[in-house]
Amino acid sequence: LLKVKEMYPMIAFWCVGCILFQIIMSSSVFYCMYYLMNPGLIATYMLVISISGMVGVMVLMPILLRKVKGSMKKAVTFTQVIACVCYLILFFVGGSIPALYILTFIACMFSTMTNAFRPMTVFGMTDYVYKTTGEQLNGTISAIGGFSYKCGTAISNAILAGVLAATGYIANAIGQEPEAVLIGINSVRFLVPLAASVLYIIFIQFYPEKKMQELTANSEKAN
């Protein structure tokens, strides 16, 4: 398996996809409490994130995959570019509640698709490894995909905790946090997902999509 060079960027792809999703969920509570100084917004804001994610995966994703003819590279690139634009705007205007809700809804519709892209690419790599090496490594690749996801969760939590510690976070000091903490929370909420989306786009370019199509075509000819 380790001789399949495409596995390495795909492991990073799965890990970054989890960071992208988890950092949104973990930082949003702190964002509402300390940056917006309104804990009452937490439930509504998390509901916006959840509903937009369901709309993205259940409604938009099937339409998008048909439009790009099943191309993972095109689908990931398209969705994450839109998410990046939204995150960049939100970094500067997130304090406006209407803008926050609208742009978060749009961003999460596309960024949450990472949760569906991961199992799809895990399955794709399983098939690719079998066709290129002749080895059935379904369980191993699935386990690596799951481990990468757990690594992403740990990294995202470490990023948030590290930024809070470095900027002088004071627990439960709503409205009294140092300016550095507010800047840090705003950055973790929007700039970290933006950076993760950029990395996500870069890593998907190593997905052996064209080789998979060629292998499938050759297999069909042989049959």
# chains A, B, ... in the order shown; residues from 1 in each chain; ligands from 1
>>> residues_around(residues="segment 150-163 of chain A", least_positions_apart="5", cutoff="7 Å", atoms="only C-alpha atoms", output="PyMOL selection string")
chain A and resi 15-16+18-19+22-23+27+184+188
>>> residues_around(residues="Thr167 of chain A", least_positions_apart="3", cutoff="10 Å", atoms="only C-alpha atoms", output="CSV table (one decimal) with C-alpha atoms, in the first residue's frame")
chain,number,residue,atom,x,y,z
A,162,GLY,CA,-3.5,26.8,21.2
A,163,VAL,CA,-4.8,30.1,19.8
A,164,LEU,CA,-6.9,30.8,23.0
A,170,ILE,CA,-10.0,34.3,30.2
A,177,GLU,CA,-11.7,39.4,26.7
A,178,PRO,CA,-8.4,41.0,25.5
A,179,GLU,CA,-8.5,42.3,21.9
A,180,ALA,CA,-6.0,39.6,20.9
A,181,VAL,CA,-8.4,36.9,22.0
A,182,LEU,CA,-11.2,38.4,19.8
A,183,ILE,CA,-8.9,38.6,16.8
A,184,GLY,CA,-7.8,35.0,17.5
A,185,ILE,CA,-11.3,33.7,17.7
>>> select_by_dssp(residues="segment 94-222 of chain A", states="alpha helix (DSSP H)", output="number ranges by chain")
A: 97-111, 114-133, 138-167, 179-186, 192-204, 209-222
>>> closest_atom_pairs(of="segment 68-153 of chain A", to="segment 189-195 of chain A", cutoff="10 Å", atoms="only C-alpha atoms", output="CSV")
residue,atom,partner,partner_atom,distance
A:Gln80,CA,A:Leu194,CA,8.6
A:Val81,CA,A:Leu194,CA,9.1
A:Ala83,CA,A:Leu194,CA,7.4
A:Cys84,CA,A:Leu194,CA,5.0
A:Val85,CA,A:Leu194,CA,8.2
A:Cys86,CA,A:Leu194,CA,8.8
A:Tyr87,CA,A:Phe190,CA,5.1
A:Leu88,CA,A:Phe190,CA,6.9
A:Ile89,CA,A:Phe190,CA,9.0
A:Leu90,CA,A:Phe190,CA,6.8
A:Phe91,CA,A:Phe190,CA,5.7
A:Phe92,CA,A:Phe190,CA,9.5
A:Gly94,CA,A:Phe190,CA,9.1
A:Thr104,CA,A:Phe190,CA,9.9
A:Ser111,CA,A:Pro193,CA,8.9
>>> residues_around(residues="Ala12 of chain A", least_positions_apart="2", cutoff="9 Å", atoms="only C-alpha atoms", output="VMD selection string")
chain A and resid 7 to 10 14 to 17 148 199 to 200 203
>>> atom_distance(atom1="atom CA of Tyr130 of chain A", atom2="atom CA of Val57 of chain A")
28.3 Å
>>> residues_around(residues="segment 206-213 of chain A", least_positions_apart="6", cutoff="12 Å", atoms="only C-alpha atoms", output="PyMOL selection string")
chain A and resi 4-14+69-74+76+117-118+120-132+199-200+219-220
>>> write_last_selection(atoms="N, CA, C and O atoms", output="tab-separated table (two decimals), in the first residue's frame")
chain	number	residue	atom	x	y	z
A	4	VAL	N	2.04	2.88	-3.23
A	4	VAL	CA	1.09	3.65	-4.04
A	4	VAL	C	1.23	5.12	-3.65
A	4	VAL	O	0.69	5.56	-2.63
A	5	LYS	N	1.97	5.87	-4.46
A	5	LYS	CA	2.34	7.25	-4.07
A	5	LYS	C	1.13	8.17	-3.92
A	5	LYS	O	1.19	9.15	-3.18
A	6	GLU	N	0.03	7.86	-4.58
A	6	GLU	CA	-1.16	8.71	-4.47
A	6	GLU	C	-1.82	8.63	-3.09
A	6	GLU	O	-2.64	9.48	-2.73
A	7	MET	N	-1.45	7.61	-2.31
A	7	MET	CA	-2.06	7.46	-0.98
A	7	MET	C	-1.68	8.59	-0.04
A	7	MET	O	-2.50	9.03	0.78
A	8	TYR	N	-0.46	9.08	-0.16
A	8	TYR	CA	0.03	10.07	0.81
A	8	TYR	C	-0.75	11.38	0.76
A	8	TYR	O	-1.20	11.87	1.79
A	9	PRO	N	-0.91	12.00	-0.43
A	9	PRO	CA	-1.72	13.22	-0.45
A	9	PRO	C	-3.18	12.97	-0.11
A	9	PRO	O	-3.86	13.85	0.43
A	10	MET	N	-3.68	11.75	-0.37
A	10	MET	CA	-5.07	11.46	-0.04
A	10	MET	C	-5.27	11.32	1.47
A	10	MET	O	-6.31	11.70	2.01
A	11	ILE	N	-4.26	10.81	2.17
A	11	ILE	CA	-4.34	10.75	3.63
A	11	ILE	C	-4.42	12.17	4.18
A	11	ILE	O	-5.21	12.47	5.08
A	12	ALA	N	-3.60	13.06	3.61
A	12	ALA	CA	-3.64	14.47	4.02
A	12	ALA	C	-4.99	15.09	3.68
A	12	ALA	O	-5.54	15.89	4.44
A	13	PHE	N	-5.55	14.70	2.54
A	13	PHE	CA	-6.86	15.19	2.09
A	13	PHE	C	-7.94	14.82	3.10
A	13	PHE	O	-8.77	15.66	3.48
A	14	TRP	N	-7.93	13.59	3.55
A	14	TRP	CA	-8.93	13.14	4.52
A	14	TRP	C	-8.77	13.86	5.86
A	14	TRP	O	-9.76	14.22	6.50
A	69	LYS	N	-20.07	15.50	-13.98
A	69	LYS	CA	-19.96	14.12	-14.45
A	69	LYS	C	-19.16	13.24	-13.50
A	69	LYS	O	-18.34	12.42	-13.92
A	70	GLY	N	-19.39	13.44	-12.21
A	70	GLY	CA	-18.77	12.60	-11.19
A	70	GLY	C	-17.32	12.93	-10.88
A	70	GLY	O	-16.67	12.20	-10.13
A	71	SER	N	-16.79	14.02	-11.41
A	71	SER	CA	-15.39	14.37	-11.17
A	71	SER	C	-15.18	14.92	-9.77
A	71	SER	O	-15.69	15.99	-9.42
A	72	MET	N	-14.41	14.18	-8.96
A	72	MET	CA	-14.11	14.63	-7.60
A	72	MET	C	-13.30	15.92	-7.61
A	72	MET	O	-13.51	16.81	-6.81
A	73	LYS	N	-12.35	16.00	-8.52
A	73	LYS	CA	-11.48	17.18	-8.59
A	73	LYS	C	-12.30	18.44	-8.85
A	73	LYS	O	-12.13	19.47	-8.18
A	74	LYS	N	-13.18	18.38	-9.82
A	74	LYS	CA	-14.00	19.55	-10.16
A	74	LYS	C	-14.98	19.88	-9.05
A	74	LYS	O	-15.18	21.05	-8.72
A	76	VAL	N	-14.80	19.17	-5.75
A	76	VAL	CA	-14.12	19.71	-4.57
A	76	VAL	C	-13.64	21.13	-4.83
A	76	VAL	O	-13.83	22.02	-4.01
A	117	PHE	N	-17.31	13.72	0.62
A	117	PHE	CA	-16.17	13.49	-0.27
A	117	PHE	C	-15.21	12.47	0.32
A	117	PHE	O	-14.60	11.69	-0.41
A	118	ARG	N	-15.04	12.48	1.64
A	118	ARG	CA	-14.08	11.56	2.26
A	118	ARG	C	-14.42	10.09	1.99
A	118	ARG	O	-13.58	9.36	1.44
A	120	MET	N	-16.29	8.81	-0.25
A	120	MET	CA	-16.29	8.57	-1.70
A	120	MET	C	-14.87	8.37	-2.22
A	120	MET	O	-14.61	7.48	-3.03
A	121	THR	N	-13.93	9.18	-1.73
A	121	THR	CA	-12.55	9.04	-2.18
A	121	THR	C	-11.87	7.83	-1.52
A	121	THR	O	-10.96	7.24	-2.12
A	122	VAL	N	-12.28	7.47	-0.31
A	122	VAL	CA	-11.76	6.25	0.32
A	122	VAL	C	-12.14	5.04	-0.53
A	122	VAL	O	-11.30	4.18	-0.81
A	123	PHE	N	-13.39	5.01	-0.96
A	123	PHE	CA	-13.84	3.92	-1.83
A	123	PHE	C	-13.08	3.94	-3.16
A	123	PHE	O	-12.67	2.90	-3.67
A	124	GLY	N	-12.90	5.14	-3.71
A	124	GLY	CA	-12.18	5.27	-4.98
A	124	GLY	C	-10.75	4.79	-4.87
A	124	GLY	O	-10.24	4.10	-5.76
A	125	MET	N	-10.07	5.13	-3.77
A	125	MET	CA	-8.69	4.70	-3.59
A	125	MET	C	-8.60	3.20	-3.35
A	125	MET	O	-7.63	2.54	-3.77
A	126	THR	N	-9.60	2.63	-2.69
A	126	THR	CA	-9.63	1.18	-2.48
A	126	THR	C	-9.67	0.46	-3.83
A	126	THR	O	-8.92	-0.50	-4.06
A	127	ASP	N	-10.52	0.94	-4.71
A	127	ASP	CA	-10.64	0.35	-6.04
A	127	ASP	C	-9.36	0.58	-6.85
A	127	ASP	O	-8.89	-0.32	-7.56
A	128	TYR	N	-8.78	1.76	-6.71
A	128	TYR	CA	-7.56	2.10	-7.46
A	128	TYR	C	-6.39	1.22	-7.02
A	128	TYR	O	-5.64	0.69	-7.86
A	129	VAL	N	-6.24	1.03	-5.72
A	129	VAL	CA	-5.16	0.18	-5.20
A	129	VAL	C	-5.31	-1.25	-5.68
A	129	VAL	O	-4.34	-1.91	-6.08
A	130	TYR	N	-6.53	-1.73	-5.69
A	130	TYR	CA	-6.78	-3.10	-6.16
A	130	TYR	C	-6.41	-3.26	-7.63
A	130	TYR	O	-5.77	-4.24	-8.03
A	131	LYS	N	-6.80	-2.27	-8.44
A	131	LYS	CA	-6.55	-2.37	-9.88
A	131	LYS	C	-5.08	-2.17	-10.24
A	131	LYS	O	-4.62	-2.65	-11.28
A	132	THR	N	-4.35	-1.45	-9.41
A	132	THR	CA	-2.93	-1.19	-9.72
A	132	THR	C	-1.99	-2.19	-9.06
A	132	THR	O	-0.88	-2.41	-9.57
A	199	LEU	N	-5.96	24.06	1.16
A	199	LEU	CA	-5.20	22.80	1.19
A	199	LEU	C	-6.03	21.65	0.63
A	199	LEU	O	-5.50	20.77	-0.07
A	200	TYR	N	-7.31	21.67	0.90
A	200	TYR	CA	-8.22	20.64	0.40
A	200	TYR	C	-8.23	20.63	-1.13
A	200	TYR	O	-8.20	19.57	-1.75
A	219	SER	N	-10.23	-2.35	-18.35
A	219	SER	CA	-10.87	-3.54	-17.78
A	219	SER	C	-12.10	-3.94	-18.57
A	219	SER	O	-12.35	-5.13	-18.83
A	220	GLU	N	-12.87	-2.93	-19.01
A	220	GLU	CA	-14.07	-3.21	-19.79
A	220	GLU	C	-13.72	-3.78	-21.15
A	220	GLU	O	-14.40	-4.67	-21.68
>>> closest_residue(among="A:Gly53, A:Gly168, A:Gly95, A:Gly139", to="Thr112 of chain A", atoms="only C-alpha atoms")
A:Gly53
>>> atom_distance(atom1="atom CA of Ile63 of chain A", atom2="atom CA of Ala75 of chain A")
10.4 Å
>>> residues_around(residues="Leu1 of chain A", least_positions_apart="6", cutoff="9 Å", atoms="only C-alpha atoms", output="list in words")
Met7, Val129, Thr133, Glu135, Leu137, Thr140 and Ile141 of chain A
>>> closest_residue(among="A:Ala116, A:Ile201, A:Leu20, A:Leu215", to="Gly56 of chain A", atoms="only C-alpha atoms")
A:Ala116
